[in-house]
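Structure data follow from upload.csv (CSV, C-alpha atoms):
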```csv
chain,number,residue,atom,x,y,z
S,1,MET,CA,7.8,44.8,-57.4
S,2,SER,CA,5.9,44.1,-60.6
S,3,THR,CA,4.1,40.8,-61.2
S,4,ALA,CA,6.3,40.1,-64.2
S,5,LYS,CA,9.5,40.6,-62.2
S,6,LYS,CA,8.2,38.4,-59.4
S,7,LYS,CA,7.4,35.7,-61.9
S,8,LYS,CA,10.8,35.9,-63.5
S,9,GLU,CA,12.5,35.6,-60.2
S,10,SER,CA,10.4,32.7,-59.2
S,11,GLN,CA,11.3,31.0,-62.5
S,12,GLU,CA,15.0,31.6,-61.9
S,13,GLU,CA,14.7,30.1,-58.4
S,14,ASP,CA,12.9,27.1,-59.8
S,15,LYS,CA,15.5,26.6,-62.4
S,16,LYS,CA,18.3,26.9,-59.8
S,17,GLU,CA,16.5,24.4,-57.6
S,18,ARG,CA,16.1,21.9,-60.5
S,19,LYS,CA,19.7,22.3,-61.4
S,20,ASN,CA,20.9,21.6,-57.8
S,21,LYS,CA,18.7,18.6,-57.6
S,22,ALA,CA,19.9,17.2,-60.9
S,23,LYS,CA,23.6,17.7,-60.3
S,24,LYS,CA,25.8,14.7,-59.6
S,25,ALA,CA,28.6,14.4,-57.1
S,26,LEU,CA,31.8,12.5,-57.8
S,27,ILE,CA,34.0,11.7,-54.8
S,28,PHE,CA,37.6,10.6,-55.0
S,29,ASP,CA,38.6,9.4,-51.5
S,30,CYS,CA,42.3,8.9,-51.2
S,31,ASP,CA,45.4,9.0,-49.0
S,32,PRO,CA,48.2,10.3,-51.2
S,33,GLY,CA,50.6,8.3,-51.4
S,34,ILE,CA,52.7,7.6,-54.5
S,35,ASP,CA,50.2,5.4,-56.4
S,36,ASP,CA,47.4,7.7,-55.2
S,37,ALA,CA,49.2,10.6,-56.9
S,38,ILE,CA,49.6,8.7,-60.1
S,39,ALA,CA,45.9,7.7,-59.8
S,40,LEU,CA,45.0,11.4,-59.5
S,41,ILE,CA,47.0,12.2,-62.7
S,42,LEU,CA,44.9,9.5,-64.5
S,43,PHE,CA,41.7,10.7,-62.8
S,44,SER,CA,42.4,14.3,-63.9
S,45,ARG,CA,42.8,13.3,-67.6
S,46,LEU,CA,39.8,11.0,-67.8
S,47,LEU,CA,37.6,13.5,-66.0
S,48,LYS,CA,38.5,16.2,-68.5
S,49,GLU,CA,37.9,13.8,-71.4
S,50,LYS,CA,34.4,12.9,-70.1
S,51,ASN,CA,33.6,16.5,-69.5
S,52,GLU,CA,34.5,17.4,-73.1
S,53,LYS,CA,32.2,14.7,-74.4
S,54,ARG,CA,29.3,15.8,-72.2
S,55,GLU,CA,26.6,17.8,-74.0
S,56,LYS,CA,26.7,21.4,-72.6
S,57,GLU,CA,23.0,22.0,-72.8
S,58,GLU,CA,22.2,19.0,-70.5
S,59,GLU,CA,22.0,20.6,-67.1
S,60,LYS,CA,21.3,17.2,-65.5
S,61,ASN,CA,24.9,16.2,-66.5
S,62,LEU,CA,26.6,18.8,-64.4
S,63,GLN,CA,28.9,17.2,-61.9
S,64,GLU,CA,30.7,18.5,-58.8
S,65,VAL,CA,33.9,16.8,-57.9
S,66,TYR,CA,35.3,16.3,-54.4
S,67,ILE,CA,38.7,15.0,-53.3
S,68,VAL,CA,38.4,13.6,-49.8
S,69,ALA,CA,41.8,13.3,-48.1
S,70,THR,CA,41.8,10.6,-45.5
S,71,TRP,CA,44.5,9.0,-43.2
S,72,GLY,CA,46.3,5.9,-44.5
S,73,ASN,CA,49.7,5.8,-46.2
S,74,VAL,CA,50.7,8.7,-43.9
S,75,GLU,CA,49.0,11.0,-41.4
S,76,LEU,CA,46.0,13.1,-42.4
S,77,LYS,CA,48.0,16.4,-42.1
S,78,HIS,CA,50.2,15.1,-45.0
S,79,THR,CA,47.5,13.5,-47.1
S,80,LEU,CA,45.5,16.7,-46.9
S,81,ARG,CA,48.4,18.8,-48.0
S,82,ASN,CA,49.2,16.3,-50.8
S,83,SER,CA,45.6,16.5,-52.0
S,84,LEU,CA,45.7,20.3,-52.1
S,85,PHE,CA,48.9,20.2,-53.9
S,86,LEU,CA,47.8,17.6,-56.5
S,87,ARG,CA,44.5,19.4,-57.0
S,88,ASP,CA,46.3,22.6,-58.0
S,89,PHE,CA,49.3,20.9,-59.7
S,90,LEU,CA,47.0,18.9,-62.0
S,91,GLY,CA,44.4,21.6,-62.4
S,92,ILE,CA,41.5,19.5,-61.2
S,93,GLU,CA,38.3,21.5,-60.6
S,94,ALA,CA,37.4,20.0,-57.3
S,95,LYS,CA,36.8,20.8,-53.7
S,96,VAL,CA,39.2,19.3,-51.2
S,97,VAL,CA,37.7,17.8,-48.1
S,98,LYS,CA,39.3,17.0,-44.8
S,99,GLY,CA,38.4,13.4,-44.0
S,100,ARG,CA,39.0,11.1,-41.0
S,101,GLU,CA,42.3,11.0,-39.3
S,102,THR,CA,41.8,7.6,-37.7
S,103,SER,CA,40.0,4.3,-38.4
S,104,ILE,CA,36.4,3.9,-37.2
S,105,THR,CA,37.8,2.3,-34.0
S,106,GLY,CA,40.5,5.0,-33.6
S,107,GLU,CA,43.5,2.9,-34.5
S,108,VAL,CA,46.1,4.0,-37.1
S,109,ILE,CA,48.8,2.3,-39.1
S,110,TYR,CA,50.9,3.9,-41.8
S,111,ALA,CA,53.1,2.9,-44.8
S,112,LYS,CA,55.9,5.4,-44.5
S,113,LYS,CA,58.6,2.9,-45.5
S,114,VAL,CA,57.0,2.9,-49.0
S,115,HIS,CA,55.8,6.4,-49.3
S,116,GLY,CA,58.2,8.4,-47.2
S,117,GLU,CA,57.4,10.5,-44.1
S,118,ASP,CA,55.1,12.9,-46.0
S,119,GLY,CA,53.7,10.5,-48.6
S,120,LEU,CA,55.3,12.0,-51.6
S,121,ARG,CA,58.9,12.1,-50.7
S,122,GLY,CA,58.9,15.8,-50.1
S,123,ALA,CA,57.3,16.8,-53.4
S,124,SER,CA,54.4,18.7,-51.8
S,125,LEU,CA,56.6,20.2,-49.0
S,126,LYS,CA,58.1,22.5,-51.6
S,127,TYR,CA,54.7,23.7,-52.6
S,128,LYS,CA,53.1,26.8,-51.0
S,129,PRO,CA,49.4,26.6,-52.0
S,130,GLU,CA,47.4,29.7,-52.4
S,131,ARG,CA,44.7,28.0,-50.3
S,132,TRP,CA,46.5,26.0,-47.7
S,133,LYS,CA,43.2,24.9,-46.2
S,134,GLU,CA,40.5,22.4,-47.1
S,135,ASP,CA,37.3,23.6,-48.6
S,136,LEU,CA,35.1,21.5,-46.4
S,137,ASN,CA,35.3,19.0,-43.5
S,138,LEU,CA,33.6,15.7,-43.6
S,139,ASP,CA,30.4,16.8,-41.9
S,140,GLU,CA,30.1,19.8,-44.2
S,141,LEU,CA,30.5,17.5,-47.2
S,142,LYS,CA,27.7,15.2,-46.0
S,143,GLN,CA,25.5,18.2,-45.6
S,144,GLU,CA,26.4,19.5,-49.1
S,145,LEU,CA,25.7,16.0,-50.6
S,146,GLN,CA,22.1,16.4,-49.6
S,147,ASN,CA,21.7,18.6,-52.7
S,148,TYR,CA,22.5,15.9,-55.2
S,149,GLU,CA,20.4,13.1,-56.5
S,150,GLU,CA,23.3,10.9,-57.5
S,151,ILE,CA,26.6,10.2,-55.8
S,152,ARG,CA,29.5,8.1,-57.1
S,153,ILE,CA,32.7,7.2,-55.2
S,154,ILE,CA,36.2,6.1,-56.1
S,155,ALA,CA,38.2,5.1,-53.0
S,156,THR,CA,41.9,4.2,-53.0
S,157,GLY,CA,42.7,4.2,-49.3
S,158,PRO,CA,41.2,3.0,-46.0
S,159,LEU,CA,37.4,3.3,-46.0
S,160,SER,CA,37.1,5.3,-42.8
S,161,SER,CA,35.7,8.4,-44.4
S,162,VAL,CA,33.6,6.5,-47.0
S,163,ALA,CA,32.0,4.5,-44.2
S,164,GLU,CA,30.6,7.7,-42.6
S,165,ILE,CA,29.1,8.7,-46.0
S,166,ILE,CA,27.4,5.3,-46.7
S,167,GLN,CA,26.1,5.1,-43.2
S,168,ASP,CA,24.2,8.4,-43.5
S,169,LYS,CA,20.6,7.4,-44.1
S,170,ASN,CA,19.9,10.5,-46.1
S,171,LEU,CA,22.8,9.8,-48.5
S,172,ARG,CA,22.6,6.0,-48.8
S,173,GLU,CA,19.9,6.0,-51.5
S,174,LYS,CA,21.8,8.5,-53.6
S,175,ILE,CA,24.9,6.4,-54.0
S,176,LYS,CA,24.9,4.7,-57.4
S,177,LYS,CA,28.4,3.4,-57.7
S,178,ILE,CA,31.5,2.7,-55.5
S,179,VAL,CA,34.8,1.5,-56.8
S,180,TRP,CA,37.3,0.6,-54.0
S,181,MET,CA,40.9,-0.5,-54.3
S,182,GLY,CA,41.4,-2.8,-51.4
S,183,GLY,CA,41.5,-6.4,-50.2
S,184,ALA,CA,43.0,-9.6,-51.2
S,185,PHE,CA,40.5,-12.3,-52.2
S,186,PHE,CA,42.5,-15.3,-53.6
S,187,HIS,CA,45.9,-13.6,-53.4
S,188,ASP,CA,48.4,-13.1,-50.6
S,189,GLY,CA,48.2,-9.9,-48.6
S,190,ASN,CA,50.8,-7.1,-48.7
S,191,ILE,CA,50.9,-6.2,-45.0
S,192,THR,CA,50.3,-9.6,-43.5
S,193,PRO,CA,50.3,-13.0,-45.3
S,194,TYR,CA,46.5,-12.7,-45.6
S,195,ALA,CA,45.5,-9.0,-45.6
S,196,GLU,CA,45.9,-6.1,-48.0
S,197,PHE,CA,46.9,-2.7,-46.4
S,198,ASN,CA,43.6,-0.7,-46.9
S,199,SER,CA,41.6,-3.6,-45.7
S,200,TYR,CA,43.9,-4.1,-42.7
S,201,CYS,CA,43.8,-0.4,-41.8
S,202,ASP,CA,40.1,-0.3,-41.1
S,203,PRO,CA,38.3,-3.7,-41.4
S,204,VAL,CA,35.3,-2.3,-39.6
S,205,ALA,CA,34.8,0.2,-42.4
S,206,VAL,CA,35.2,-2.6,-45.0
S,207,ASN,CA,32.4,-4.4,-43.2
S,208,PHE,CA,30.2,-1.4,-43.5
S,209,LEU,CA,31.0,-1.3,-47.3
S,210,PHE,CA,30.0,-5.0,-47.6
S,211,ASP,CA,26.8,-4.4,-45.8
S,212,PHE,CA,26.0,-1.6,-48.2
S,213,ALA,CA,26.9,-3.8,-51.1
S,214,LYS,CA,24.4,-6.5,-49.9
S,215,GLU,CA,21.7,-3.9,-50.0
S,216,LYS,CA,22.6,-1.9,-53.2
S,217,LYS,CA,24.8,-4.2,-55.3
S,218,CYS,CA,26.6,-1.3,-56.8
S,219,VAL,CA,30.1,-1.9,-55.4
S,220,VAL,CA,33.2,-2.9,-57.4
S,221,VAL,CA,36.3,-4.0,-55.5
S,222,VAL,CA,39.7,-3.8,-57.2
S,223,PRO,CA,41.9,-6.0,-55.0
S,224,LEU,CA,45.5,-7.3,-55.1
S,225,ASP,CA,44.2,-10.2,-57.3
S,226,ALA,CA,44.0,-7.6,-60.1
S,227,THR,CA,46.4,-4.8,-59.1
S,228,SER,CA,49.3,-7.2,-58.7
S,229,LYS,CA,49.2,-7.6,-62.5
S,230,THR,CA,50.1,-3.9,-62.9
S,231,LEU,CA,53.7,-4.4,-61.9
S,232,MET,CA,56.2,-2.5,-64.1
S,233,LYS,CA,59.6,-1.0,-64.1
S,234,THR,CA,59.6,2.5,-62.8
S,235,GLU,CA,61.8,3.7,-65.6
S,236,ASP,CA,59.2,2.3,-68.1
S,237,LEU,CA,56.4,4.2,-66.3
S,238,ILE,CA,58.3,7.5,-66.5
S,239,LYS,CA,59.1,6.9,-70.2
S,240,LEU,CA,55.3,6.9,-70.9
S,241,SER,CA,55.2,10.7,-70.1
S,242,GLN,CA,55.8,13.3,-72.9
S,243,ASN,CA,55.1,16.1,-70.4
S,244,PRO,CA,58.3,17.4,-68.7
S,245,LYS,CA,56.3,18.6,-65.7
S,246,ILE,CA,54.8,15.2,-65.1
S,247,SER,CA,58.1,13.4,-65.9
S,248,GLU,CA,59.9,15.4,-63.2
S,249,PHE,CA,57.2,14.8,-60.7
S,250,LEU,CA,57.1,11.1,-61.3
S,251,LYS,CA,60.9,10.9,-60.9
S,252,SER,CA,60.8,12.8,-57.7
S,253,ILE,CA,58.2,10.6,-56.0
S,254,THR,CA,59.6,7.3,-57.3
S,255,GLU,CA,63.3,8.0,-56.7
S,256,GLY,CA,65.1,4.8,-55.6
S,257,ILE,CA,62.1,2.6,-56.5
S,258,LYS,CA,63.0,0.1,-59.3
S,259,THR,CA,59.5,-1.4,-59.8
S,260,ILE,CA,56.0,-0.2,-59.0
S,261,GLU,CA,52.6,-1.7,-58.7
S,262,LEU,CA,49.9,0.7,-59.8
S,263,HIS,CA,47.2,-0.4,-57.4
S,264,ASP,CA,45.2,2.9,-57.2
S,265,PRO,CA,45.5,3.9,-60.9
S,266,LEU,CA,43.8,0.6,-61.8
S,267,ALA,CA,40.9,1.5,-59.5
S,268,VAL,CA,40.4,4.8,-61.5
S,269,PHE,CA,40.7,2.9,-64.8
S,270,SER,CA,38.1,0.4,-63.5
S,271,PHE,CA,35.7,3.2,-62.6
S,272,PHE,CA,35.9,4.9,-66.0
S,273,TYR,CA,36.3,1.7,-68.1
S,274,GLU,CA,34.3,-1.0,-66.3
S,275,ASP,CA,33.9,-2.9,-69.5
S,276,SER,CA,37.7,-3.3,-69.7
S,277,ILE,CA,38.0,-5.3,-66.5
S,278,LYS,CA,37.1,-8.9,-65.8
S,279,THR,CA,35.2,-9.6,-62.6
S,280,PHE,CA,33.6,-12.3,-60.6
S,281,ILE,CA,30.6,-12.1,-58.3
S,282,SER,CA,31.2,-13.1,-54.7
S,283,TYR,CA,29.7,-13.4,-51.3
S,284,SER,CA,32.4,-12.0,-49.0
S,285,HIS,CA,33.1,-11.4,-45.4
S,286,VAL,CA,36.0,-9.4,-43.7
S,287,ASP,CA,37.6,-10.5,-40.5
S,288,THR,CA,37.8,-7.6,-38.0
S,289,ARG,CA,39.6,-9.5,-35.2
S,290,SER,CA,42.0,-12.5,-35.2
S,291,PHE,CA,42.9,-12.3,-38.9
S,292,ARG,CA,42.4,-8.5,-39.2
S,293,GLY,CA,41.6,-7.4,-42.7
S,294,LYS,CA,41.4,-10.9,-44.2
S,295,ILE,CA,38.6,-11.3,-46.7
S,296,ASN,CA,36.9,-14.7,-47.0
S,297,SER,CA,35.0,-15.0,-50.3
S,298,ILE,CA,32.9,-17.5,-52.1
S,299,ILE,CA,32.3,-17.0,-55.9
S,300,THR,CA,28.6,-17.3,-56.5
S,301,PRO,CA,26.1,-15.8,-58.9
S,302,ASN,CA,24.0,-15.1,-55.8
S,303,GLY,CA,26.7,-12.9,-54.3
S,304,PHE,CA,26.6,-9.1,-53.8
S,305,LEU,CA,30.1,-7.9,-54.6
S,306,LYS,CA,31.7,-7.4,-58.0
S,307,VAL,CA,35.4,-8.2,-57.8
S,308,ALA,CA,38.0,-7.4,-60.4
S,309,TYR,CA,40.6,-10.1,-61.2
S,310,ASP,CA,42.0,-9.1,-64.5
S,311,PHE,CA,41.9,-6.2,-67.0
S,312,ASP,CA,42.8,-5.0,-70.5
S,313,LYS,CA,46.5,-4.3,-69.9
S,314,GLU,CA,47.2,-2.8,-73.3
S,315,LYS,CA,44.3,-0.3,-72.8
S,316,PHE,CA,45.4,0.5,-69.3
S,317,VAL,CA,49.0,1.4,-70.4
S,318,GLU,CA,47.7,3.4,-73.3
S,319,THR,CA,45.4,5.3,-71.0
S,320,LEU,CA,48.3,6.0,-68.6
S,321,LYS,CA,50.4,7.3,-71.5
S,322,ARG,CA,47.6,9.6,-72.7
S,323,SER,CA,47.2,10.9,-69.1
S,324,PHE,CA,50.9,11.6,-68.7
```
Target format structure tokens, applied to this file:
Amino acid sequence: MSTAKKKKESQEEDKKERKNKAKKALIFDCDPGIDDAIALILFSRLLKEKNEKREKEEEKNLQEVYIVATWGNVELKHTLRNSLFLRDFLGIEAKVVKGRETSITGEVIYAKKVHGEDGLRGASLKYKPERWKEDLNLDELKQELQNYEEIRIIATGPLSSVAEIIQDKNLREKIKKIVWMGGAFFHDGNITPYAEFNSYCDPVAVNFLFDFAKEKKCVVVVPLDATSKTLMKTEDLIKLSQNPKISEFLKSITEGIKTIELHDPLAVFSFFYEDSIKTFISYSHVDTRSFRGKINSIITPNGFLKVAYDFDKEKFVETLKRSF
């Protein structure tokens, strides 16, 4: 092989290595779920808009997207199928990852009364995906994440899978932002009088998140204090859509539901439009035993957690409409 050819190949390898090191990873950890599905519609649109604005020549801006399916609203076998379906249905360029099927301690609790047996009221059961298999499992994802220098996470379900990522010492320094929909700070719970569903499902994982936030101070929590203000009539939500495909899908997953709280879509909105939410800084602790999932919080400028309590409602609705 000639010296010139060797030099060219070496340059190509160096370029490839620099590209891999510079790439960013964006993880959407979810347990679809009706409002998770709506959140993925919003995520799909906002992601496309951001990509369109990104300068093509900037290799450092390249981003790999992962949808991590975790247990929560229903069993993992359903949330995984729903994630594969929604990835293809919405045309999201992402790898689907099989996350945890239980909490950190091995317990499970579901919300089938709200989301149906399969999470989407049968919508994904009619779908026969070309790739009815995840792209990666959680261990393979953690290995692949070693190639990135920046990781950002949106989480809209129990934090069981996220906890494994943030506890990995090789990944911890790479995580620059986490937005989690969960918890009730100064608001009543929605599964017990004092606890929100995601927090109740895996309080040990929430504790890991709070420990991470103390160290990194890059965590935004979007709790019931804010998401309870997203309540709207389901018929009004469907009317926002001008896309027949999306309209029919929304009708199918919300049949019989008169009003809906858009918990998870607000987390996605908060991730992309952090300047459009109002937050307070808190020092917080989660109860993992007697009052499982209950979050005790003190508002203080010396805290470590940024907590949303309100948002630009007009912009939120306008963004949903644009996404639909």
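Between CA of Glu235 in chain S and CA of Gly119 in chain S lies a distance of 20.0 Å.
Closest to Ile34 in chain S among S:Leu262, S:Val97, S:Leu46, S:Ile166 is S:Leu262, based on only C-alpha atoms.
Using all atoms listed in the file, the nearest neighbour of Ser297 in chain S within the list S:His187, S:Lys112, S:Lys169, S:Lys50 is S:His187.
Nearest-residue note for Glu164 in chain S: choosing from S:Gly99, S:Gly303, S:Pro265, S:Pro32, the minimum distance belongs to S:Gly99, counting only C-alpha atoms.
The two atoms in question, CA of His78 in chain S and CA of Phe324 in chain S, are spaced 24.0 Å apart.
Proximity of S:Phe85, S:Phe271, S:Phe208, S:Tyr200 to Phe291 in chain S, computed with all atoms listed in the file, is greatest for S:Tyr200.
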*Answer as a PyMOL selection string, residues within 6 Å of (43.7, 7.2, -43.9) using all atoms listed in the file*: chain S and resi 31+70-72+158
_Nearest to Leu231 in chain S by atom-to-atom distance, counting all atoms listed in the file, from S:Asp312, S:Glu261, S:Glu215, S:Glu75_ = S:Glu261
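With all atoms listed in the file as the atoms that count, the residue of S:Glu318, S:Asp236, S:Asp29, S:Asp264 with the shortest distance to Ile178 in chain S is S:Asp29.
Separating CA of Ser270 in chain S from CA of Trp180 in chain S is a distance of 9.5 Å.
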*Would you be able to write out as an NGL selection string which residues have an atom within 10 Å of (32.7, 2.3, -50.8) in the file's coordinates, counting all atoms listed in the file?*
:S and (29 or 152-156 or 158-163 or 165-166 or 175 or 177-181 or 205-206 or 208-210 or 212-213 or 218-221)
How would the residues just chosen look if you wrote them out with C-alpha atoms as a CSV table (one decimal), keeping the file's coordinate frame?
```
chain,number,residue,atom,x,y,z
S,29,ASP,CA,38.6,9.4,-51.5
S,152,ARG,CA,29.5,8.1,-57.1
S,153,ILE,CA,32.7,7.2,-55.2
S,154,ILE,CA,36.2,6.1,-56.1
S,155,ALA,CA,38.2,5.1,-53.0
S,156,THR,CA,41.9,4.2,-53.0
S,158,PRO,CA,41.2,3.0,-46.0
S,159,LEU,CA,37.4,3.3,-46.0
S,160,SER,CA,37.1,5.3,-42.8
S,161,SER,CA,35.7,8.4,-44.4
S,162,VAL,CA,33.6,6.5,-47.0
S,163,ALA,CA,32.0,4.5,-44.2
S,165,ILE,CA,29.1,8.7,-46.0
S,166,ILE,CA,27.4,5.3,-46.7
S,175,ILE,CA,24.9,6.4,-54.0
S,177,LYS,CA,28.4,3.4,-57.7
S,178,ILE,CA,31.5,2.7,-55.5
S,179,VAL,CA,34.8,1.5,-56.8
S,180,TRP,CA,37.3,0.6,-54.0
S,181,MET,CA,40.9,-0.5,-54.3
S,205,ALA,CA,34.8,0.2,-42.4
S,206,VAL,CA,35.2,-2.6,-45.0
S,208,PHE,CA,30.2,-1.4,-43.5
S,209,LEU,CA,31.0,-1.3,-47.3
S,210,PHE,CA,30.0,-5.0,-47.6
S,212,PHE,CA,26.0,-1.6,-48.2
S,213,ALA,CA,26.9,-3.8,-51.1
S,218,CYS,CA,26.6,-1.3,-56.8
S,219,VAL,CA,30.1,-1.9,-55.4
S,220,VAL,CA,33.2,-2.9,-57.4
S,221,VAL,CA,36.3,-4.0,-55.5
```
Please provide as an mmCIF file with C-alpha atoms, in the coordinates of the input all residues within 12 Å of range 133-141 of chain S, with the sequence filter that same-chain residues fewer than 6 positions apart are discarded (counting only C-alpha atoms).
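Resulting contents of part_15.cif:
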```cif
data_model
loop_
_atom_site.group_PDB
_atom_site.id
_atom_site.type_symbol
_atom_site.label_atom_id
_atom_site.label_comp_id
_atom_site.auth_asym_id
_atom_site.auth_seq_id
_atom_site.Cartn_x
_atom_site.Cartn_y
_atom_site.Cartn_z
ATOM 1 C CA ALA S 25 28.600 14.400 -57.100
ATOM 2 C CA LEU S 26 31.800 12.500 -57.800
ATOM 3 C CA ILE S 27 34.000 11.700 -54.800
ATOM 4 C CA ASP S 29 38.600 9.400 -51.500
ATOM 5 C CA GLU S 64 30.700 18.500 -58.800
ATOM 6 C CA VAL S 65 33.900 16.800 -57.900
ATOM 7 C CA TYR S 66 35.300 16.300 -54.400
ATOM 8 C CA ILE S 67 38.700 15.000 -53.300
ATOM 9 C CA VAL S 68 38.400 13.600 -49.800
ATOM 10 C CA ALA S 69 41.800 13.300 -48.100
ATOM 11 C CA THR S 70 41.800 10.600 -45.500
ATOM 12 C CA LEU S 76 46.000 13.100 -42.400
ATOM 13 C CA LYS S 77 48.000 16.400 -42.100
ATOM 14 C CA THR S 79 47.500 13.500 -47.100
ATOM 15 C CA LEU S 80 45.500 16.700 -46.900
ATOM 16 C CA ARG S 81 48.400 18.800 -48.000
ATOM 17 C CA ASN S 82 49.200 16.300 -50.800
ATOM 18 C CA SER S 83 45.600 16.500 -52.000
ATOM 19 C CA LEU S 84 45.700 20.300 -52.100
ATOM 20 C CA PHE S 85 48.900 20.200 -53.900
ATOM 21 C CA ARG S 87 44.500 19.400 -57.000
ATOM 22 C CA ALA S 94 37.400 20.000 -57.300
ATOM 23 C CA LYS S 95 36.800 20.800 -53.700
ATOM 24 C CA VAL S 96 39.200 19.300 -51.200
ATOM 25 C CA VAL S 97 37.700 17.800 -48.100
ATOM 26 C CA LYS S 98 39.300 17.000 -44.800
ATOM 27 C CA GLY S 99 38.400 13.400 -44.000
ATOM 28 C CA ARG S 100 39.000 11.100 -41.000
ATOM 29 C CA GLU S 101 42.300 11.000 -39.300
ATOM 30 C CA ASN S 147 21.700 18.600 -52.700
ATOM 31 C CA TYR S 148 22.500 15.900 -55.200
ATOM 32 C CA ILE S 151 26.600 10.200 -55.800
ATOM 33 C CA SER S 160 37.100 5.300 -42.800
ATOM 34 C CA SER S 161 35.700 8.400 -44.400
ATOM 35 C CA VAL S 162 33.600 6.500 -47.000
ATOM 36 C CA ALA S 163 32.000 4.500 -44.200
ATOM 37 C CA GLU S 164 30.600 7.700 -42.600
ATOM 38 C CA ILE S 165 29.100 8.700 -46.000
ATOM 39 C CA ASP S 168 24.200 8.400 -43.500
ATOM 40 C CA LEU S 171 22.800 9.800 -48.500
#
```
